[in-house]
file upload_15.txt (compact mmCIF, C-alpha atoms and all ligand atoms)
# COMPACT_ATOMS: atom_id res chain seq x y z
CA MET A 227 103.82 23.64 -5.50
CA GLU A 228 103.55 20.27 -7.18
CA GLU A 229 102.32 20.54 -10.75
CA ARG A 230 98.79 19.39 -11.35
CA LYS A 231 98.86 17.27 -14.46
CA ASN A 232 96.41 14.43 -13.88
CA ILE A 233 92.93 15.29 -14.98
CA TYR A 234 89.74 13.32 -14.50
CA TYR A 235 86.75 14.21 -16.68
CA TYR A 236 83.33 13.53 -15.22
CA TYR A 237 80.47 13.40 -17.75
CA LYS A 238 77.32 11.54 -18.61
CA GLN A 239 77.65 8.91 -21.33
CA ASP A 240 75.31 10.94 -23.43
CA GLU A 241 75.66 11.10 -27.23
CA GLU A 242 75.37 14.86 -27.35
CA ILE A 243 78.21 15.30 -24.84
CA LEU A 244 80.39 12.55 -26.34
CA SER A 245 80.21 14.25 -29.74
CA HIS A 246 81.67 17.46 -28.27
CA ILE A 247 84.33 15.99 -26.11
CA SER A 248 87.13 14.77 -28.37
CA PRO A 249 88.69 18.18 -29.23
CA LEU A 250 88.93 18.85 -25.50
CA LEU A 251 90.53 15.49 -24.74
CA GLU A 252 93.05 15.97 -27.54
CA ALA A 253 93.99 19.47 -26.44
CA THR A 254 94.44 18.32 -22.84
CA LYS A 255 96.89 15.62 -23.92
CA ARG A 256 98.73 17.94 -26.30
CA PHE A 257 99.54 20.27 -23.41
CA GLY A 258 101.07 17.47 -21.38
CA PHE A 259 98.18 16.50 -19.13
CA THR A 260 97.34 12.88 -18.41
CA ILE A 261 93.69 11.92 -18.52
CA VAL A 262 93.08 9.41 -15.73
CA ASP A 263 90.24 6.88 -15.55
CA ASP A 264 90.14 6.76 -11.78
CA TYR A 265 89.39 10.02 -10.00
CA ARG A 266 91.55 8.94 -7.06
CA ASN A 267 94.61 9.45 -9.25
CA ALA A 268 93.56 12.93 -10.33
CA ASN A 269 94.59 16.34 -9.10
CA ILE A 270 92.23 18.22 -11.41
CA ILE A 271 88.60 17.09 -11.67
CA ALA A 272 86.55 18.60 -14.48
CA SER A 273 82.83 18.17 -14.80
CA ILE A 274 81.29 18.42 -18.26
CA GLY A 275 77.59 19.35 -18.27
CA ASP A 276 75.57 21.83 -16.22
CA ASP A 277 75.51 22.91 -12.57
CA GLY A 278 73.57 19.79 -11.64
CA ASP A 279 76.35 17.67 -13.17
CA PHE A 280 78.99 19.67 -11.30
CA LEU A 281 77.20 18.92 -8.02
CA GLN A 282 77.24 15.22 -8.92
CA ALA A 283 80.90 15.30 -10.00
CA VAL A 284 81.93 16.77 -6.68
CA ARG A 285 79.82 14.30 -4.68
CA LYS A 286 80.88 11.22 -6.66
CA THR A 287 84.55 12.11 -6.24
CA GLY A 288 84.27 12.71 -2.50
CA PHE A 289 84.69 16.52 -2.19
CA ARG A 290 88.45 16.18 -2.44
CA SER A 291 90.35 18.96 -0.74
CA ASP A 292 93.58 18.06 -2.57
CA CYS A 293 92.04 18.52 -6.03
CA LEU A 294 91.06 21.49 -8.10
CA TYR A 295 87.58 21.32 -9.56
CA MET A 296 86.35 22.95 -12.74
CA GLY A 297 82.95 23.06 -14.41
CA ILE A 298 82.64 22.93 -18.19
CA SER A 299 79.32 23.89 -19.66
CA THR A 300 77.87 22.10 -22.65
CA ASN A 301 74.87 24.33 -23.28
CA HIS A 302 76.53 27.45 -24.72
CA SER A 303 76.06 29.48 -21.57
CA LEU A 304 78.04 29.75 -18.36
CA ASN A 305 76.41 28.73 -15.09
CA MET A 306 77.19 29.31 -11.44
CA TYR A 307 79.64 26.40 -11.25
CA CYS A 308 80.53 26.17 -14.93
CA ASP A 309 83.15 28.78 -15.74
CA PHE A 310 84.17 27.34 -19.09
CA MET A 311 82.37 26.50 -22.29
CA ILE A 312 83.20 23.21 -23.96
CA GLU A 313 84.19 24.99 -27.20
CA ASP A 314 86.71 27.19 -25.41
CA THR A 315 89.57 24.71 -24.98
CA SER A 316 92.35 27.32 -25.05
CA LYS A 317 90.87 29.18 -22.09
CA MET A 318 90.64 25.95 -20.09
CA ILE A 319 94.19 24.88 -20.85
CA GLU A 320 95.48 28.32 -19.93
CA ALA A 321 93.64 28.22 -16.61
CA MET A 322 94.92 24.72 -15.84
CA LEU A 323 98.48 25.72 -16.63
CA ASN A 324 98.27 28.82 -14.41
CA GLU A 325 96.26 27.33 -11.60
CA GLN A 326 98.64 28.44 -8.85
CA LEU A 327 97.63 32.02 -9.46
CA GLU A 328 93.89 31.83 -9.29
CA VAL A 329 92.09 29.44 -7.01
CA ARG A 330 88.88 30.13 -5.20
CA ARG A 331 87.53 28.30 -2.19
CA TYR A 332 83.86 27.56 -1.67
CA PRO A 333 82.53 26.85 1.83
CA LEU A 334 80.87 23.44 2.31
CA ILE A 335 78.48 22.26 5.00
CA GLU A 336 78.62 19.03 6.91
CA VAL A 337 75.44 17.29 7.94
CA SER A 338 75.23 14.46 10.44
CA VAL A 339 72.00 12.51 10.62
CA ASP A 340 71.37 10.65 13.89
CA HIS A 341 74.29 8.27 14.13
CA GLN A 342 74.10 7.21 10.53
CA GLY A 343 76.93 9.20 9.06
CA THR A 344 78.15 12.60 8.01
CA PHE A 345 77.48 14.05 4.57
CA THR A 346 78.94 17.04 2.77
CA CYS A 347 76.91 19.50 0.68
CA LEU A 348 78.01 22.15 -1.78
CA ASN A 349 74.61 23.79 -2.41
CA GLU A 350 72.37 22.93 0.48
CA PHE A 351 70.82 20.44 2.82
CA SER A 352 67.05 20.40 2.52
CA LEU A 353 64.50 18.86 4.85
CA ARG A 354 60.95 18.60 3.60
CA SER A 355 57.73 16.96 4.57
CA SER A 356 57.09 13.99 2.33
CA ILE A 357 53.41 13.84 3.17
CA ILE A 358 50.51 16.26 2.97
CA LYS A 359 50.77 17.14 6.69
CA THR A 360 53.17 19.77 7.99
CA LEU A 361 56.58 18.89 9.32
CA VAL A 362 57.42 20.03 12.86
CA VAL A 363 61.05 20.69 13.71
CA ASP A 364 62.71 22.11 16.82
CA VAL A 365 65.49 24.41 15.68
CA PHE A 366 68.53 24.93 17.92
CA VAL A 367 71.37 27.38 17.40
CA ASP A 368 74.22 25.85 19.40
CA SER A 369 72.44 24.86 22.62
CA LEU A 370 69.72 27.52 22.35
CA HIS A 371 66.23 26.35 21.45
CA PHE A 372 65.56 29.03 18.86
CA GLU A 373 62.14 28.18 17.42
CA THR A 374 59.72 25.40 16.62
CA PHE A 375 59.15 25.30 12.89
CA ARG A 376 55.93 24.00 11.40
CA GLY A 377 55.50 23.95 7.66
CA ASP A 378 56.83 22.36 4.48
CA GLY A 379 60.51 22.36 5.34
CA LEU A 380 63.83 24.05 5.93
CA ILE A 381 66.80 24.70 3.69
CA VAL A 382 70.34 25.18 4.97
CA ALA A 383 72.41 26.69 2.19
CA THR A 384 76.08 27.41 1.64
CA PRO A 385 77.06 30.76 0.10
CA THR A 386 77.32 29.26 -3.42
CA GLY A 387 74.06 27.40 -2.82
CA SER A 388 72.42 30.69 -1.88
CA THR A 389 71.58 31.34 -5.55
CA ALA A 390 69.83 27.97 -5.92
CA TYR A 391 66.89 26.59 -3.89
CA ASN A 392 67.53 29.15 -1.15
CA LYS A 393 66.92 31.99 -3.58
CA SER A 394 63.61 30.53 -4.72
CA VAL A 395 62.30 30.91 -1.16
CA ARG A 396 63.55 34.51 -1.02
CA GLY A 397 66.76 33.83 0.88
CA ALA A 398 69.63 36.27 0.45
CA VAL A 399 72.46 35.79 -2.02
CA VAL A 400 75.67 35.44 0.02
CA ASP A 401 79.25 36.14 -1.00
CA PRO A 402 81.27 32.87 -0.82
CA GLN A 403 84.12 34.81 0.74
CA LEU A 404 82.01 34.65 3.91
CA SER A 405 82.28 31.29 5.66
CA CYS A 406 78.70 30.87 6.81
CA MET A 407 75.44 29.02 6.28
CA GLN A 408 71.94 30.33 5.74
CA VAL A 409 68.72 28.86 7.10
CA SER A 410 65.55 29.48 5.09
CA GLU A 411 61.97 28.42 5.60
CA VAL A 412 59.72 26.72 3.09
CA SER A 413 56.12 27.78 3.81
CA SER A 414 56.07 28.11 7.58
CA VAL A 415 52.76 28.22 9.42
CA ASN A 416 52.58 31.44 11.42
CA ASN A 417 49.62 32.18 13.65
CA ASN A 418 48.86 32.64 17.36
CA ARG A 419 49.94 29.09 18.14
CA TYR A 420 52.94 28.63 15.87
CA ARG A 421 55.65 31.19 15.43
CA THR A 422 58.91 31.19 13.51
CA LEU A 423 61.30 33.99 12.70
CA GLY A 424 59.77 34.23 9.22
CA ALA A 425 63.04 35.44 7.69
CA SER A 426 66.16 33.68 6.53
CA PHE A 427 69.05 33.88 8.98
CA ILE A 428 72.77 33.51 8.47
CA LEU A 429 74.95 31.65 10.96
CA SER A 430 78.66 32.11 11.44
CA GLY A 431 80.98 29.22 10.68
CA GLU A 432 81.48 28.71 14.42
CA ARG A 433 77.85 27.74 15.06
CA THR A 434 76.12 24.40 15.03
CA LEU A 435 72.53 24.16 13.87
CA THR A 436 70.52 21.26 15.27
CA LEU A 437 67.18 20.21 13.82
CA LYS A 438 65.08 17.81 15.88
CA VAL A 439 62.17 16.30 14.06
CA VAL A 440 59.20 16.29 16.44
CA SER A 441 57.70 12.91 15.83
CA GLU A 442 53.99 13.27 16.10
CA THR A 443 52.88 11.79 12.84
CA ASN A 444 55.55 12.96 10.43
CA ASP A 445 59.02 11.65 11.13
CA HIS A 446 59.90 10.38 7.67
CA PRO A 447 60.74 13.62 5.90
CA THR A 448 62.62 13.87 2.62
CA MET A 449 66.22 14.91 3.08
CA GLY A 450 68.25 16.25 0.19
CA MET A 451 71.93 16.88 -0.17
CA ASP A 452 72.29 19.10 -3.21
CA ASN A 453 70.62 17.13 -5.98
CA GLU A 454 70.60 13.78 -4.24
CA ALA A 455 68.05 12.38 -1.80
CA LEU A 456 69.37 10.78 1.33
CA SER A 457 68.35 7.16 1.55
CA ILE A 458 67.90 7.40 5.31
CA ARG A 459 64.17 7.62 5.94
CA HIS A 460 63.47 7.85 9.65
CA VAL A 461 65.23 10.70 11.42
CA ASP A 462 65.29 12.29 14.86
CA LYS A 463 68.21 14.66 14.99
CA ILE A 464 70.28 16.44 12.35
CA GLN A 465 73.35 18.53 13.08
CA ILE A 466 74.76 20.94 10.55
CA LYS A 467 77.95 22.91 10.62
CA LEU A 468 80.44 24.39 8.26
CA SER A 469 83.03 21.91 7.03
CA ASN A 470 86.71 22.48 7.76
CA ASN A 471 87.25 21.72 4.09
CA LYS A 472 86.59 24.07 1.23
CA LEU A 473 86.08 23.18 -2.39
CA LYS A 474 88.86 24.56 -4.56
CA THR A 475 87.94 25.70 -8.04
CA LEU A 476 89.84 27.42 -10.81
CA LYS A 477 89.22 31.14 -10.85
CA LEU A 478 89.16 33.09 -14.06
CA LYS A 479 89.68 36.79 -14.52
CA ASP A 480 86.53 38.89 -14.74
CA ASN A 481 84.51 36.06 -13.31
CA SER A 482 83.95 36.88 -9.67
CA PHE A 483 80.96 35.49 -7.82
CA TRP A 484 79.12 38.78 -8.31
CA GLU A 485 79.85 38.74 -12.03
CA LYS A 486 78.34 35.28 -12.14
CA VAL A 487 75.28 36.44 -10.21
CA LYS A 488 74.83 39.36 -12.58
CA ARG A 489 75.24 37.23 -15.68
CA THR A 490 72.85 34.57 -14.39
CA PHE A 491 70.08 36.70 -12.94
CA LEU A 492 70.23 40.29 -14.15
P1 LIG B 1 67.35 20.86 -11.30
O1 LIG B 1 66.00 20.67 -10.71
O2 LIG B 1 67.57 20.52 -12.71
O3 LIG B 1 67.94 22.35 -11.04
C1 LIG B 1 67.29 23.45 -10.73
C2 LIG B 1 68.04 24.64 -11.29
O4 LIG B 1 68.97 25.11 -10.32
C3 LIG B 1 68.84 24.38 -12.56
O5 LIG B 1 68.60 25.45 -13.43
C4 LIG B 1 70.27 24.39 -12.07
O6 LIG B 1 71.20 24.81 -13.05
C5 LIG B 1 70.19 25.42 -10.99
N1 LIG B 1 71.25 25.45 -9.99
C6 LIG B 1 71.91 24.41 -9.39
N2 LIG B 1 72.81 24.88 -8.51
C7 LIG B 1 72.74 26.23 -8.57
C8 LIG B 1 73.43 27.28 -7.90
N3 LIG B 1 74.35 27.03 -6.97
N4 LIG B 1 73.09 28.56 -8.19
C9 LIG B 1 72.15 28.84 -9.11
N5 LIG B 1 71.46 27.89 -9.77
C10 LIG B 1 71.75 26.60 -9.49
O7 LIG B 1 68.39 20.03 -10.42
P2 LIG B 1 69.95 20.12 -10.53
O8 LIG B 1 70.38 20.75 -11.78
O9 LIG B 1 70.44 18.76 -10.20
O10 LIG B 1 70.33 21.12 -9.33
C11 LIG B 1 70.11 20.77 -8.01
C12 LIG B 1 69.72 21.98 -7.24
O11 LIG B 1 68.43 22.42 -7.63
C13 LIG B 1 69.57 21.74 -5.76
O12 LIG B 1 70.82 21.75 -5.10
C14 LIG B 1 68.68 22.89 -5.35
O13 LIG B 1 69.44 24.04 -4.99
C15 LIG B 1 67.93 23.23 -6.60
N6 LIG B 1 66.49 23.07 -6.39
C16 LIG B 1 65.73 24.18 -6.51
C17 LIG B 1 64.38 24.12 -6.23
C18 LIG B 1 63.59 25.38 -6.35
O14 LIG B 1 64.18 26.40 -6.70
N7 LIG B 1 62.32 25.35 -6.06
C19 LIG B 1 63.78 22.93 -5.87
C20 LIG B 1 64.59 21.80 -5.78
C21 LIG B 1 65.96 21.88 -6.04
P3 LIG B 1 71.65 23.82 -14.26
O15 LIG B 1 70.53 23.89 -15.24
O16 LIG B 1 72.90 24.44 -14.75
O17 LIG B 1 71.85 22.45 -13.71
MN MN B 2 70.26 20.78 -13.84

call {"tool": "encode", "arguments": {"input": "upload_15.txt", "output": "C-alpha cells", "more": "lines below"}}
Ligand code: NAP
Ligand code: MN
result
Amino acid sequence: MEERKNIYYYYKQDEEILSHISPLLEATKRFGFTIVDDYRNANIIASIGDDGDFLQAVRKTGFRSDCLYMGISTNHSLNMYCDFMIEDTSKMIEAMLNEQLEVRRYPLIEVSVDHQGTFTCLNEFSLRSSIIKTLVVDVFVDSLHFETFRGDGLIVATPTGSTAYNKSVRGAVVDPQLSCMQVSEVSSVNNNRYRTLGASFILSGERTLTLKVVSETNDHPTMGMDNEALSIRHVDKIQIKLSNNKLKTLKLKDNSFWEKVKRTFL
C-alpha cells in the first residue's frame, strides 16, 4: 500500500484553536508528514474541533474515498467522530504511521432531490416542515407505497448518525458494521384518518427509500444534510439509498463504536 504522508488539517480560524495547534503541526512535520494547503493533494484529512466540525470537514472535502479521515477534539473530551485529543500528539502520529492496520469504514447515504443533484450524508438527511402546518409525505420502500406520513418531519440516519438526531426521536443506535439506513419520525399525527408505522424502521443497503412531498399547502420543507441546510427550497421527490462509498477513518485500539457509545451516553 502506498504510504499516506500528505495531511490536510481542517479547522476554524478561531483563536482558541490556533493557540493549540502549533505543537501538533510541528510533530506532524517531525515524523515526515507533509502538511498540504489544498485538500485535493491530501491522503489524510484531519478535522480539529468537535463532531459538528468533523461533519463539515468531510463535506467540504467531498467525502473522499481515497483518503483517511480523523477527528481531533479540542474540548478535552472524545466525541463520536473525534477519536483523538489535541494534546495527545504521540497517539495521533502513531495511528497515522500504522494506518494500514486499523481502518474503519462508515456507511454513507446518498440523497437525490428531484433532478437537482445528489448529496452525500454522514449523519442523516432530515426533512422538516418549515411552517406551522404539518408536512405530508408519501413514503415508498422500493416501489411499495408504505405509508403517508403527516407530522413535523422524517429523519433518515446512517449507523453513525443513529446516535445524533435520530436518537433524540427515540430511534435505535445501530452498529456501523451494518450497511443500512434508519427512518425515524418526528411527531407524526396518528388518528383514525392518518396512520404511520409509529416506530423507526431499518432498511437494508439494497433498498431505495422514496419520499414524495404531497403538495397541498406545504411543499417548501427544510432539508438538512448533516449540519447543513440544502439551499433547494421547492421539492417533489427525494430518493435515498446507501452510497457505494464508505468513509474511512483511523481506528484506535479500545475504541470500538460501542465503546464510544458507552463513553458518550452511559
Ligand atoms: P449542534 O446543534 O451543535 O449538535 C448537536 C449535538 O449533536 C452536538 O452535541 C454534537 O456534538 C452532536 N453530534 C453530532 N453528530 C453526532 C453523532 N453522530 N453522534 C452523537 N452526537 C452527535 O450541530 P452540529 O454539532 O453541527 O451537529 C449536527 C448534528 O446535530 C446533525 O447532523 C444532527 O444529527 C444533530 N441535530 C440534533 C437535533 C436534536 O437532537 N434534536 C436537532 C438538530 C440537529 P459536538 O458538540 O461534538 O459537535
Ligand atoms: Mn457541534

call {"tool": "residues_near_ligand", "arguments": {"input": "upload_15.txt", "ligand": "ligand LIG 1 (chain B)", "cutoff": "8 Å", "atoms": "only C-alpha atoms and all ligand atoms", "output": "list in words"}}
result
Gly275, Asp276, Asp277, Gly278, Asp279, Leu281, Gln282, Asn305, Met306, Tyr307, Cys308, Leu348, Asn349, Glu350, Thr386, Gly387, Ser388, Thr389, Ala390, Tyr391, Asn392, Lys393, Ser394, Val395, Met451, Asp452, Asn453, Glu454 and Thr490 of chain A

call {"tool": "closest_residue", "arguments": {"input": "upload_15.txt", "among": "A:Asn470, A:Thr475, A:Asn267, A:Asn324", "to": "Leu294 of chain A", "atoms": "all atoms listed in the file"}}
result
A:Thr475

call {"tool": "residues_around", "arguments": {"input": "upload_15.txt", "residues": "Gln465 of chain A", "least_positions_apart": "5", "cutoff": "8 Å", "atoms": "all atoms listed in the file", "output": "PDB file with C-alpha atoms, keeping the file's coordinate frame"}}
result
ATOM      1  CA  VAL A 337      75.440  17.290   7.940  1.00  0.00           C
ATOM      2  CA  SER A 338      75.230  14.460  10.440  1.00  0.00           C
ATOM      3  CA  VAL A 339      72.000  12.510  10.620  1.00  0.00           C
ATOM      4  CA  THR A 434      76.120  24.400  15.030  1.00  0.00           C
ATOM      5  CA  LEU A 435      72.530  24.160  13.870  1.00  0.00           C
ATOM      6  CA  THR A 436      70.520  21.260  15.270  1.00  0.00           C
ATOM      7  CA  LEU A 437      67.180  20.210  13.820  1.00  0.00           C
TER       8      LEU A 437
END

call {"tool": "closest_residue", "arguments": {"input": "upload_15.txt", "among": "A:Ala253, A:Cys406, A:Ile261, A:Ile381", "to": "Lys231 of chain A", "atoms": "all atoms listed in the file"}}
result
A:Ile261

call {"tool": "closest_residue", "arguments": {"input": "upload_15.txt", "among": "A:Tyr237, A:Phe257, A:Tyr265, A:Phe280", "to": "ligand MN 2 (chain B)", "atoms": "only C-alpha atoms and all ligand atoms"}}
result
A:Phe280

call {"tool": "residues_around", "arguments": {"input": "upload_15.txt", "residues": "segment 302-304 of chain A", "least_positions_apart": "3", "cutoff": "12 Å", "atoms": "only C-alpha atoms", "output": "ChimeraX atom specification"}}
result
/A:246,274-277,297-299,307-314,481,485-491

call {"tool": "write_last_selection", "arguments": {"input": "upload_15.txt", "atoms": "C-alpha atoms", "output": "PDB file, keeping the file's coordinate frame"}}
result
ATOM      1  CA  HIS A 246      81.670  17.460 -28.270  1.00  0.00           C
ATOM      2  CA  ILE A 274      81.290  18.420 -18.260  1.00  0.00           C
ATOM      3  CA  GLY A 275      77.590  19.350 -18.270  1.00  0.00           C
ATOM      4  CA  ASP A 276      75.570  21.830 -16.220  1.00  0.00           C
ATOM      5  CA  ASP A 277      75.510  22.910 -12.570  1.00  0.00           C
ATOM      6  CA  GLY A 297      82.950  23.060 -14.410  1.00  0.00           C
ATOM      7  CA  ILE A 298      82.640  22.930 -18.190  1.00  0.00           C
ATOM      8  CA  SER A 299      79.320  23.890 -19.660  1.00  0.00           C
ATOM      9  CA  TYR A 307      79.640  26.400 -11.250  1.00  0.00           C
ATOM     10  CA  CYS A 308      80.530  26.170 -14.930  1.00  0.00           C
ATOM     11  CA  ASP A 309      83.150  28.780 -15.740  1.00  0.00           C
ATOM     12  CA  PHE A 310      84.170  27.340 -19.090  1.00  0.00           C
ATOM     13  CA  MET A 311      82.370  26.500 -22.290  1.00  0.00           C
ATOM     14  CA  ILE A 312      83.200  23.210 -23.960  1.00  0.00           C
ATOM     15  CA  GLU A 313      84.190  24.990 -27.200  1.00  0.00           C
ATOM     16  CA  ASP A 314      86.710  27.190 -25.410  1.00  0.00           C
ATOM     17  CA  ASN A 481      84.510  36.060 -13.310  1.00  0.00           C
ATOM     18  CA  GLU A 485      79.850  38.740 -12.030  1.00  0.00           C
ATOM     19  CA  LYS A 486      78.340  35.280 -12.140  1.00  0.00           C
ATOM     20  CA  VAL A 487      75.280  36.440 -10.210  1.00  0.00           C
ATOM     21  CA  LYS A 488      74.830  39.360 -12.580  1.00  0.00           C
ATOM     22  CA  ARG A 489      75.240  37.230 -15.680  1.00  0.00           C
ATOM     23  CA  THR A 490      72.850  34.570 -14.390  1.00  0.00           C
ATOM     24  CA  PHE A 491      70.080  36.700 -12.940  1.00  0.00           C
TER      25      PHE A 491
END

call {"tool": "atom_distance", "arguments": {"input": "upload_15.txt", "atom1": "atom CA of His371 of chain A", "atom2": "atom CA of Arg421 of chain A"}}
result
13.1 Å

call {"tool": "residues_around", "arguments": {"input": "upload_15.txt", "residues": "Ser356 of chain A", "least_positions_apart": "2", "cutoff": "10 Å", "atoms": "all atoms listed in the file", "output": "PyMOL selection string"}}
result
chain A and resi 353-354+358-361+378-379+444-449

call {"tool": "closest_residue", "arguments": {"input": "upload_15.txt", "among": "A:Ala272, A:Val412, A:Leu476, A:Val440", "to": "Arg331 of chain A", "atoms": "only C-alpha atoms"}}
result
A:Leu476

call {"tool": "atom_distance", "arguments": {"input": "upload_15.txt", "atom1": "atom CA of Asp368 of chain A", "atom2": "atom CA of Gly288 of chain A"}}
result
27.4 Å

call {"tool": "atom_distance", "arguments": {"input": "upload_15.txt", "atom1": "atom CA of Ala398 of chain A", "atom2": "atom CA of Phe427 of chain A"}}
result
8.9 Å

call {"tool": "closest_residue", "arguments": {"input": "upload_15.txt", "among": "A:Ser413, A:Ser369, A:Asn301, A:Asn269", "to": "ligand MN 2 (chain B)", "atoms": "only C-alpha atoms and all ligand atoms"}}
result
A:Asn301

call {"tool": "closest_residue", "arguments": {"input": "upload_15.txt", "among": "A:Leu429, A:Leu334, A:Ala321, A:Leu423", "to": "Val284 of chain A", "atoms": "all atoms listed in the file"}}
result
A:Leu334

call {"tool": "residues_around", "arguments": {"input": "upload_15.txt", "residues": "segment 364-367 of chain A", "least_positions_apart": "5", "cutoff": "12 Å", "atoms": "only C-alpha atoms", "output": "JSON, numbers by chain"}}
result
{"A": [372, 373, 374, 375, 376, 377, 379, 380, 382, 407, 409, 410, 411, 420, 421, 422, 423, 427, 428, 429, 430, 431, 432, 433, 434, 435, 436, 437, 438, 439, 440, 441, 462, 463, 464, 465, 466, 467]}

call {"tool": "residues_around", "arguments": {"input": "upload_15.txt", "residues": "Gln403 of chain A", "least_positions_apart": "2", "cutoff": "8 Å", "atoms": "only C-alpha atoms", "output": "VMD selection string"}}
result
chain A and resid 331 to 332 401 405

call {"tool": "axis_aligned_box", "arguments": {"input": "upload_15.txt", "around": "segment 369-372 of chain A", "padding_each_side": "5 Å", "output": "JSON"}}
result
{"center_x": 69.0, "center_y": 26.9, "center_z": 20.7, "size_x": 16.9, "size_y": 14.2, "size_z": 13.8}

call {"tool": "decode", "arguments": {"input": "upload_15.txt", "residues": "segment 459-471 of chain A", "atoms": "N, CA, C and O atoms", "output": "PDB file, in the first residue's frame"}}
result
ATOM      1  N   ARG A 459     -35.293  24.782  -2.290  1.00  0.00           N
ATOM      2  CA  ARG A 459     -36.462  25.068  -1.465  1.00  0.00           C
ATOM      3  C   ARG A 459     -37.653  24.202  -1.869  1.00  0.00           C
ATOM      4  O   ARG A 459     -38.176  23.450  -1.092  1.00  0.00           O
ATOM      5  N   HIS A 460     -38.071  24.300  -3.110  1.00  0.00           N
ATOM      6  CA  HIS A 460     -39.248  23.549  -3.520  1.00  0.00           C
ATOM      7  C   HIS A 460     -38.849  22.114  -3.873  1.00  0.00           C
ATOM      8  O   HIS A 460     -37.840  21.888  -4.539  1.00  0.00           O
ATOM      9  N   VAL A 461     -39.610  21.155  -3.396  1.00  0.00           N
ATOM     10  CA  VAL A 461     -39.231  19.767  -3.666  1.00  0.00           C
ATOM     11  C   VAL A 461     -40.464  18.890  -3.862  1.00  0.00           C
ATOM     12  O   VAL A 461     -41.485  19.078  -3.215  1.00  0.00           O
ATOM     13  N   ASP A 462     -40.338  17.953  -4.802  1.00  0.00           N
ATOM     14  CA  ASP A 462     -41.409  16.972  -5.014  1.00  0.00           C
ATOM     15  C   ASP A 462     -40.969  15.598  -4.536  1.00  0.00           C
ATOM     16  O   ASP A 462     -41.643  14.955  -3.763  1.00  0.00           O
ATOM     17  N   LYS A 463     -39.817  15.167  -5.042  1.00  0.00           N
ATOM     18  CA  LYS A 463     -39.443  13.770  -4.821  1.00  0.00           C
ATOM     19  C   LYS A 463     -37.984  13.644  -4.380  1.00  0.00           C
ATOM     20  O   LYS A 463     -37.086  14.206  -4.993  1.00  0.00           O
ATOM     21  N   ILE A 464     -37.796  12.847  -3.328  1.00  0.00           N
ATOM     22  CA  ILE A 464     -36.445  12.639  -2.793  1.00  0.00           C
ATOM     23  C   ILE A 464     -36.179  11.140  -2.783  1.00  0.00           C
ATOM     24  O   ILE A 464     -37.025  10.365  -2.314  1.00  0.00           O
ATOM     25  N   GLN A 465     -35.029  10.740  -3.296  1.00  0.00           N
ATOM     26  CA  GLN A 465     -34.676   9.318  -3.248  1.00  0.00           C
ATOM     27  C   GLN A 465     -33.417   9.142  -2.415  1.00  0.00           C
ATOM     28  O   GLN A 465     -32.458   9.894  -2.561  1.00  0.00           O
ATOM     29  N   ILE A 466     -33.458   8.147  -1.546  1.00  0.00           N
ATOM     30  CA  ILE A 466     -32.338   7.949  -0.626  1.00  0.00           C
ATOM     31  C   ILE A 466     -31.898   6.493  -0.663  1.00  0.00           C
ATOM     32  O   ILE A 466     -32.733   5.575  -0.570  1.00  0.00           O
ATOM     33  N   LYS A 467     -30.611   6.313  -0.819  1.00  0.00           N
ATOM     34  CA  LYS A 467     -30.081   4.953  -0.753  1.00  0.00           C
ATOM     35  C   LYS A 467     -28.698   4.986  -0.113  1.00  0.00           C
ATOM     36  O   LYS A 467     -28.125   6.063   0.060  1.00  0.00           O
ATOM     37  N   LEU A 468     -28.207   3.813   0.176  1.00  0.00           N
ATOM     38  CA  LEU A 468     -26.868   3.748   0.734  1.00  0.00           C
ATOM     39  C   LEU A 468     -25.868   4.037  -0.383  1.00  0.00           C
ATOM     40  O   LEU A 468     -26.059   3.603  -1.516  1.00  0.00           O
ATOM     41  N   SER A 469     -24.815   4.757  -0.043  1.00  0.00           N
ATOM     42  CA  SER A 469     -23.783   5.056  -1.029  1.00  0.00           C
ATOM     43  C   SER A 469     -22.912   3.818  -1.252  1.00  0.00           C
ATOM     44  O   SER A 469     -22.752   2.993  -0.351  1.00  0.00           O
ATOM     45  N   ASN A 470     -22.328   3.725  -2.427  1.00  0.00           N
ATOM     46  CA  ASN A 470     -21.351   2.652  -2.662  1.00  0.00           C
ATOM     47  C   ASN A 470     -20.037   2.946  -1.949  1.00  0.00           C
ATOM     48  O   ASN A 470     -19.220   2.060  -1.754  1.00  0.00           O
ATOM     49  N   ASN A 471     -19.854   4.199  -1.612  1.00  0.00           N
ATOM     50  CA  ASN A 471     -18.651   4.630  -0.889  1.00  0.00           C
ATOM     51  C   ASN A 471     -18.833   4.496   0.606  1.00  0.00           C
ATOM     52  O   ASN A 471     -19.943   4.653   1.096  1.00  0.00           O
TER      53      ASN A 471
END
